[in-house]
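Source file: model_29.cif. Holds: mmCIF, C-alpha atoms and all ligand atoms.
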data_final
#
loop_
_atom_site.label_atom_id
_atom_site.label_comp_id
_atom_site.auth_asym_id
_atom_site.auth_seq_id
_atom_site.Cartn_x
_atom_site.Cartn_y
_atom_site.Cartn_z
CA MET A 1 -0.81 2.46 -47.10
CA SER A 2 -3.69 1.53 -49.35
CA LYS A 3 -5.13 4.11 -51.68
CA PHE A 4 -8.56 2.52 -51.53
CA ASN A 5 -11.24 3.73 -49.11
CA GLU A 6 -13.05 1.58 -46.57
CA PHE A 7 -16.02 0.97 -48.88
CA PHE A 8 -13.77 -0.70 -51.40
CA TYR A 9 -12.94 -3.34 -48.76
CA LYS A 10 -16.23 -3.44 -46.88
CA VAL A 11 -18.65 -3.33 -49.80
CA TRP A 12 -17.36 -3.20 -53.38
CA LEU A 13 -14.79 -6.01 -53.30
CA PRO A 14 -16.69 -8.62 -51.23
CA LEU A 15 -20.00 -7.85 -52.99
CA ASN A 16 -18.41 -8.43 -56.40
CA VAL A 17 -16.75 -11.65 -55.19
CA VAL A 18 -20.14 -12.97 -53.99
CA THR A 19 -21.76 -11.90 -57.29
CA ILE A 20 -19.16 -13.78 -59.36
CA LEU A 21 -19.47 -16.92 -57.21
CA LEU A 22 -23.27 -16.93 -57.45
CA LEU A 23 -23.15 -16.46 -61.22
CA PHE A 24 -21.72 -19.99 -61.40
CA ILE A 25 -24.38 -21.67 -59.29
CA CYS A 26 -27.63 -19.68 -59.60
CA ASP A 27 -30.24 -19.08 -62.29
CA ILE A 28 -30.95 -15.50 -63.31
CA ASN A 29 -34.48 -14.11 -63.48
CA TRP A 30 -34.12 -11.05 -65.72
CA TYR A 31 -37.53 -9.65 -64.69
CA LEU A 32 -36.30 -9.51 -61.09
CA VAL A 33 -33.00 -8.01 -62.24
CA PHE A 34 -34.88 -5.20 -63.98
CA LEU A 35 -37.21 -4.66 -60.99
CA GLY A 36 -34.27 -4.56 -58.55
CA TRP A 37 -32.26 -2.20 -60.73
CA PHE A 38 -35.22 0.13 -61.32
CA LEU A 39 -35.81 0.44 -57.57
CA LEU A 40 -32.17 0.90 -56.55
CA GLY A 41 -30.90 2.81 -59.58
CA PRO A 42 -33.29 5.26 -61.22
CA ILE A 43 -35.44 5.61 -58.06
CA GLY A 44 -32.91 5.27 -55.20
CA SER A 45 -29.77 6.72 -56.67
CA GLY A 46 -31.25 8.88 -59.45
CA VAL A 47 -34.37 10.38 -57.87
CA GLY A 48 -33.13 10.06 -54.27
CA SER A 49 -29.43 10.84 -54.02
CA HIS A 50 -29.19 12.90 -57.18
CA ARG A 51 -32.33 14.95 -57.75
CA LEU A 52 -33.53 15.18 -54.14
CA PHE A 53 -30.49 15.00 -51.82
CA SER A 54 -27.90 16.58 -54.15
CA HIS A 55 -30.05 19.23 -55.84
CA ARG A 56 -33.31 19.50 -53.87
CA SER A 57 -35.01 19.92 -57.23
CA PHE A 58 -38.33 18.92 -55.66
CA GLN A 59 -39.90 18.54 -52.23
CA THR A 60 -41.52 15.40 -50.97
CA TYR A 61 -42.98 13.77 -47.87
CA ASP A 62 -40.78 12.66 -45.01
CA TRP A 63 -41.58 8.96 -45.36
CA ILE A 64 -40.78 9.06 -49.09
CA GLU A 65 -37.38 10.67 -48.30
CA LYS A 66 -36.66 7.75 -45.95
CA VAL A 67 -37.62 5.17 -48.57
CA LEU A 68 -35.41 6.94 -51.15
CA ALA A 69 -32.52 7.08 -48.66
CA TYR A 70 -32.89 3.34 -48.03
CA LEU A 71 -33.01 2.47 -51.74
CA SER A 72 -30.06 4.74 -52.52
CA THR A 73 -28.02 3.12 -49.73
CA LEU A 74 -28.92 -0.33 -51.06
CA SER A 75 -27.70 0.71 -54.52
CA ALA A 76 -24.24 0.45 -52.86
CA TYR A 77 -22.91 3.23 -55.07
CA ALA A 78 -21.90 5.56 -52.24
CA PRO A 79 -23.04 6.65 -48.76
CA ILE A 80 -25.46 9.57 -49.11
CA LEU A 81 -23.18 12.31 -47.71
CA PHE A 82 -20.33 11.15 -49.96
CA TRP A 83 -22.71 10.97 -52.95
CA VAL A 84 -23.91 14.54 -52.37
CA THR A 85 -20.55 16.21 -51.63
CA GLN A 86 -18.76 14.51 -54.52
CA HIS A 87 -21.58 15.57 -56.80
CA GLN A 88 -21.09 19.17 -55.64
CA TYR A 89 -17.45 18.91 -56.74
CA HIS A 90 -18.60 17.59 -60.07
CA HIS A 91 -20.97 20.53 -60.62
CA LYS A 92 -18.72 23.22 -59.21
CA TYR A 93 -15.52 22.15 -60.99
CA THR A 94 -16.98 20.36 -64.02
CA ASP A 95 -14.22 19.07 -66.32
CA THR A 96 -11.42 20.82 -64.45
CA ALA A 97 -8.64 19.19 -62.41
CA ASP A 98 -10.85 19.29 -59.27
CA ASP A 99 -13.71 17.36 -60.88
CA PRO A 100 -13.47 13.81 -59.45
CA THR A 101 -15.11 12.21 -62.47
CA SER A 102 -13.93 14.22 -65.47
CA PRO A 103 -12.67 11.89 -68.24
CA LYS A 104 -10.97 14.89 -69.86
CA GLU A 105 -8.78 15.44 -66.79
CA LYS A 106 -8.56 12.02 -65.17
CA GLY A 107 -8.76 9.51 -68.01
CA PHE A 108 -10.88 6.40 -68.45
CA LEU A 109 -9.96 4.23 -65.47
CA TYR A 110 -10.27 7.00 -62.88
CA SER A 111 -13.43 8.55 -64.34
CA PHE A 112 -15.22 5.30 -65.10
CA PHE A 113 -14.16 3.16 -62.23
CA THR A 114 -11.75 4.03 -59.44
CA TRP A 115 -12.71 7.55 -58.33
CA ARG A 116 -15.36 6.52 -55.79
CA LEU A 117 -13.22 3.70 -54.38
CA LEU A 118 -10.26 5.95 -53.51
CA LYS A 119 -9.50 7.39 -50.11
CA GLU A 120 -8.54 10.78 -51.53
CA ASN A 121 -12.12 11.42 -52.65
CA LEU A 122 -13.80 10.04 -49.54
CA ASP A 123 -11.71 12.44 -47.43
CA LYS A 124 -12.61 15.37 -49.65
CA VAL A 125 -15.92 16.57 -48.29
CA HIS A 126 -15.20 20.29 -48.03
CA ILE A 127 -17.95 21.62 -50.23
CA MET A 128 -20.76 22.30 -47.85
CA ASN A 129 -23.41 23.97 -49.91
CA TYR A 130 -27.05 24.07 -48.86
CA CYS A 131 -27.80 20.48 -49.93
CA ALA A 132 -24.72 18.97 -48.24
CA LYS A 133 -25.39 20.92 -45.02
CA ARG A 134 -28.94 19.67 -45.12
CA VAL A 135 -27.70 16.06 -45.27
CA LEU A 136 -25.38 16.73 -42.31
CA LYS A 137 -28.25 18.12 -40.25
CA ASP A 138 -30.68 15.35 -41.18
CA LYS A 139 -30.53 12.53 -38.61
CA THR A 140 -32.10 9.96 -40.96
CA LEU A 141 -29.78 10.72 -43.89
CA MET A 142 -26.73 10.63 -41.59
CA TRP A 143 -27.91 7.33 -40.08
CA PHE A 144 -28.03 5.84 -43.59
CA THR A 145 -24.63 7.42 -44.33
CA ASN A 146 -23.00 6.05 -41.18
CA HIS A 147 -24.48 2.56 -41.51
CA PHE A 148 -23.93 2.20 -45.25
CA ALA A 149 -22.00 -1.10 -45.18
CA LYS A 150 -24.08 -2.67 -42.40
CA ILE A 151 -27.40 -1.96 -44.16
CA ILE A 152 -26.11 -3.55 -47.38
CA TRP A 153 -24.83 -6.69 -45.63
CA VAL A 154 -28.01 -7.17 -43.58
CA HIS A 155 -29.92 -7.03 -46.88
CA VAL A 156 -27.52 -9.57 -48.46
CA ILE A 157 -27.81 -11.95 -45.49
CA VAL A 158 -31.61 -11.78 -45.35
CA LEU A 159 -31.98 -12.43 -49.09
CA SER A 160 -29.39 -15.22 -48.98
CA ILE A 161 -31.40 -16.97 -46.25
CA VAL A 162 -34.53 -16.74 -48.41
CA ASP A 163 -32.91 -17.85 -51.67
CA LEU A 164 -29.48 -17.42 -53.29
CA SER A 165 -30.96 -17.00 -56.79
CA LEU A 166 -33.21 -14.27 -55.42
CA LEU A 167 -30.15 -12.55 -53.91
CA LEU A 168 -28.38 -12.63 -57.27
CA SER A 169 -31.32 -11.51 -59.42
CA LEU A 170 -33.07 -9.04 -57.15
CA TYR A 171 -30.00 -7.47 -55.57
CA LEU A 172 -26.45 -8.30 -56.67
CA LEU A 173 -26.93 -7.97 -60.44
CA PRO A 174 -28.98 -4.75 -60.04
CA VAL A 175 -26.13 -3.28 -57.93
CA LEU A 176 -23.64 -4.19 -60.65
CA ILE A 177 -25.82 -2.73 -63.42
CA GLU A 178 -26.37 0.47 -61.43
CA SER A 179 -22.65 0.99 -60.92
CA LEU A 180 -22.17 0.50 -64.68
CA ARG A 181 -24.94 3.04 -65.37
CA MET A 182 -23.41 5.68 -63.11
CA ASN A 183 -19.87 5.02 -64.32
CA ALA A 184 -20.92 5.12 -67.97
CA LEU A 185 -22.72 8.41 -67.35
CA ASN A 186 -19.69 10.01 -65.70
CA TYR A 187 -17.57 8.97 -68.62
CA ILE A 188 -19.62 9.03 -71.83
CA ASN A 189 -21.62 12.18 -71.05
CA HIS A 190 -18.46 14.23 -70.49
CA LEU A 191 -16.50 13.03 -73.50
CA GLU A 192 -16.24 14.71 -76.89
CA ASN A 193 -16.76 12.85 -80.17
CA VAL A 194 -18.83 10.00 -78.76
CA PRO A 195 -21.50 8.62 -81.14
CA PHE A 196 -25.01 9.98 -80.37
CA ASN A 197 -23.67 12.81 -78.16
CA TYR A 198 -25.13 16.29 -78.70
CA ARG A 199 -25.63 19.54 -76.77
CA ASN A 200 -28.69 21.73 -76.34
CA HIS A 201 -26.74 24.32 -74.32
CA ASP A 202 -23.39 25.83 -75.22
CA ILE A 203 -22.16 26.00 -71.62
CA ASP A 204 -18.61 26.14 -70.30
CA ASP A 205 -18.01 22.42 -69.73
CA ASN A 206 -17.86 19.13 -71.61
CA SER A 207 -21.34 17.86 -70.75
CA TYR A 208 -23.37 16.14 -73.47
CA ASN A 209 -26.77 14.59 -73.91
CA ASN A 210 -26.54 11.11 -75.39
CA PHE A 211 -29.45 9.38 -77.14
CA ILE A 212 -28.50 5.87 -76.03
CA VAL A 213 -27.43 6.73 -72.46
CA GLY A 214 -30.40 9.08 -72.06
CA TRP A 215 -32.91 6.34 -72.84
CA LEU A 216 -31.10 3.46 -71.15
CA SER A 217 -30.42 5.47 -67.99
CA PHE A 218 -34.10 6.48 -67.73
CA GLY A 219 -33.28 10.18 -68.02
CA PHE A 220 -29.97 10.83 -66.27
CA GLY A 221 -28.21 10.85 -69.66
CA TRP A 222 -29.79 14.15 -70.77
CA HIS A 223 -26.75 15.45 -69.04
CA ASN A 224 -26.06 18.70 -70.88
CA ASN A 225 -29.63 19.77 -70.02
CA HIS A 226 -28.88 18.91 -66.38
CA HIS A 227 -25.61 20.86 -66.24
CA ALA A 228 -27.30 23.87 -67.82
CA ASN A 229 -30.10 23.79 -65.21
CA PRO A 230 -29.06 21.57 -62.25
CA GLY A 231 -32.12 22.42 -60.16
CA LYS A 232 -34.67 21.51 -62.83
CA VAL A 233 -36.69 18.44 -61.90
CA ILE A 234 -37.59 17.21 -65.40
CA LEU A 235 -34.75 17.25 -67.96
CA THR A 236 -36.92 16.88 -71.06
CA GLU A 237 -36.38 19.72 -73.54
CA ARG A 238 -36.98 17.95 -76.85
CA TRP A 239 -39.72 15.41 -77.50
CA TRP A 240 -37.37 12.42 -77.56
CA GLU A 241 -35.71 13.32 -74.24
CA ILE A 242 -37.82 10.99 -72.12
CA ASP A 243 -36.93 11.51 -68.46
CA ILE A 244 -38.48 8.73 -66.38
CA GLU A 245 -36.53 9.79 -63.26
CA GLY A 246 -37.91 13.32 -63.59
CA TYR A 247 -41.49 12.09 -64.10
CA ILE A 248 -41.19 9.90 -60.97
CA ALA A 249 -39.82 12.86 -58.99
CA LYS A 250 -42.75 14.98 -60.15
CA LEU A 251 -45.18 12.22 -59.21
CA ILE A 252 -43.90 11.96 -55.62
CA SER A 253 -43.50 15.72 -55.18
CA LYS A 254 -45.27 17.37 -52.29
CA LYS A 255 -47.68 19.95 -53.63
CA THR A 256 -46.88 23.28 -51.99
ZN ZN B 301 -21.86 15.77 -65.24
ZN ZN B 302 -26.34 16.84 -60.72
#
Produce structure tokens that represent the structure in this file.
Amino acid sequence: MSKFNEFFYKVWLPLNVVTILLLFICDINWYLVFLGWFLLGPIGSGVGSHRLFSHRSFQTYDWIEKVLAYLSTLSAYAPILFWVTQHQYHHKYTDTADDPTSPKEKGFLYSFFTWRLLKENLDKVHIMNYCAKRVLKDKTLMWFTNHFAKIIWVHVIVLSIVDLSLLLSLYLLPVLIESLRMNALNYINHLENVPFNYRNHDIDDNSYNNFIVGWLSFGFGWHNNHHANPGKVILTERWWEIDIEGYIAKLISKKT
């Protein structure tokens, strides 16, 4: 029996094979790569699945939630329900044996790479806090969860019909970069003695802010600030802690 979950076979493996093949035959437009990554990563995954669906750190309009759900699904990192429940484990059991992404407990390969591709974590959706229950009750979010692989492959096919170079630059490379961003965050921001790591809050876990990851990740890397106050929409506490994801969330917030 394979240890990998269905998304390893349906999405991760074939998507990476296509990416590698296209790297040999297509030109790369780095402006499109950045645009694609910014939409799928910081906006879809970061603002959508993390700050809104996992923490409900702000409220927004229904149509914006749908757009964020679509972009997060296209980021191909994880189906929304899986994203949210696994993130609850990460916050509830940070850096203990039950934390799926702790480098302290699980080591580099598991923390950086394999955790989200394994069956054991996909099956583990027991933490049903308010945010996870809200995903379960939300027909739109569950539609995106249940059609994760199909939505990604429709997108790939449509872009491939238009232009293979467009598929590579606007979609496949952004997906790859986003998975590196999230994996690097899980690993570097929970590891001691990493250059440029520091803490603003002496809390009971191994979370760190990191200058380089903080800036390059567009805010997600102010991670010790986030673990100290998971519901806070903007993570900036010191002047250099620029949090683009938080500013975008604030911008699209519904005024109540
Ligand atoms: Zn963390
Ligand atoms: Zn979080």
### Message
For a quick check of understanding, using only C-alpha atoms, which of A:Lys104, A:Lys255, A:His91, A:His155 has the smallest distance to Ala228 (chain A)?
### Response
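Between A:Lys104, A:Lys255, A:His91, A:His155, the residue approaching Ala228 (chain A) most closely is A:His91.
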#### Entry: Spatial neighbours of region 40-50 of chain A, max dist 8 Å, only C-alpha atoms, sep filter under 3 positions, as a count of residues only
28
### Query
Would you name the residues within 10 Å of ligand ZN 301 (chain B), counting all atoms listed in the file, and put them as a ChimeraX atom specification?
/A:87,90-91,93-95,99,101-102,185-190,205-208,220-227,230
### Closest of A:Ile151, A:Pro103, A:Gln86, A:Asp98 to ligand ZN 302 (chain B) - atom-to-atom distances counting all atoms listed in the file
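Selected residue with least distance to ligand ZN 302 (chain B): A:Gln86.
Interatomic distance, CA of Pro14 (chain A) to CA of Arg51 (chain A): 29.0 Å.
In terms of minimum interatomic distance to Trp153 (chain A), A:Lys10 ranks closest within A:Lys3, A:Lys66, A:Arg134, A:Lys10, counting all atoms listed in the file.
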Quick one: what's the axis-aligned box for region 223-232 of chain A, all listed atoms, 8 Å on every side, centre and edges in Å to one decimal, as JSON?
{"center_x": -30.1, "center_y": 19.7, "center_z": -65.5, "size_x": 25.1, "size_y": 24.4, "size_z": 26.7}
### Query
So which one's closest to ligand ZN 302 (chain B), A:Ser111, A:Thr85, A:Asn16, A:Thr60? Using all atoms listed in the file, please.
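Of the candidates, the smallest distance to ligand ZN 302 (chain B) is held by A:Thr85.
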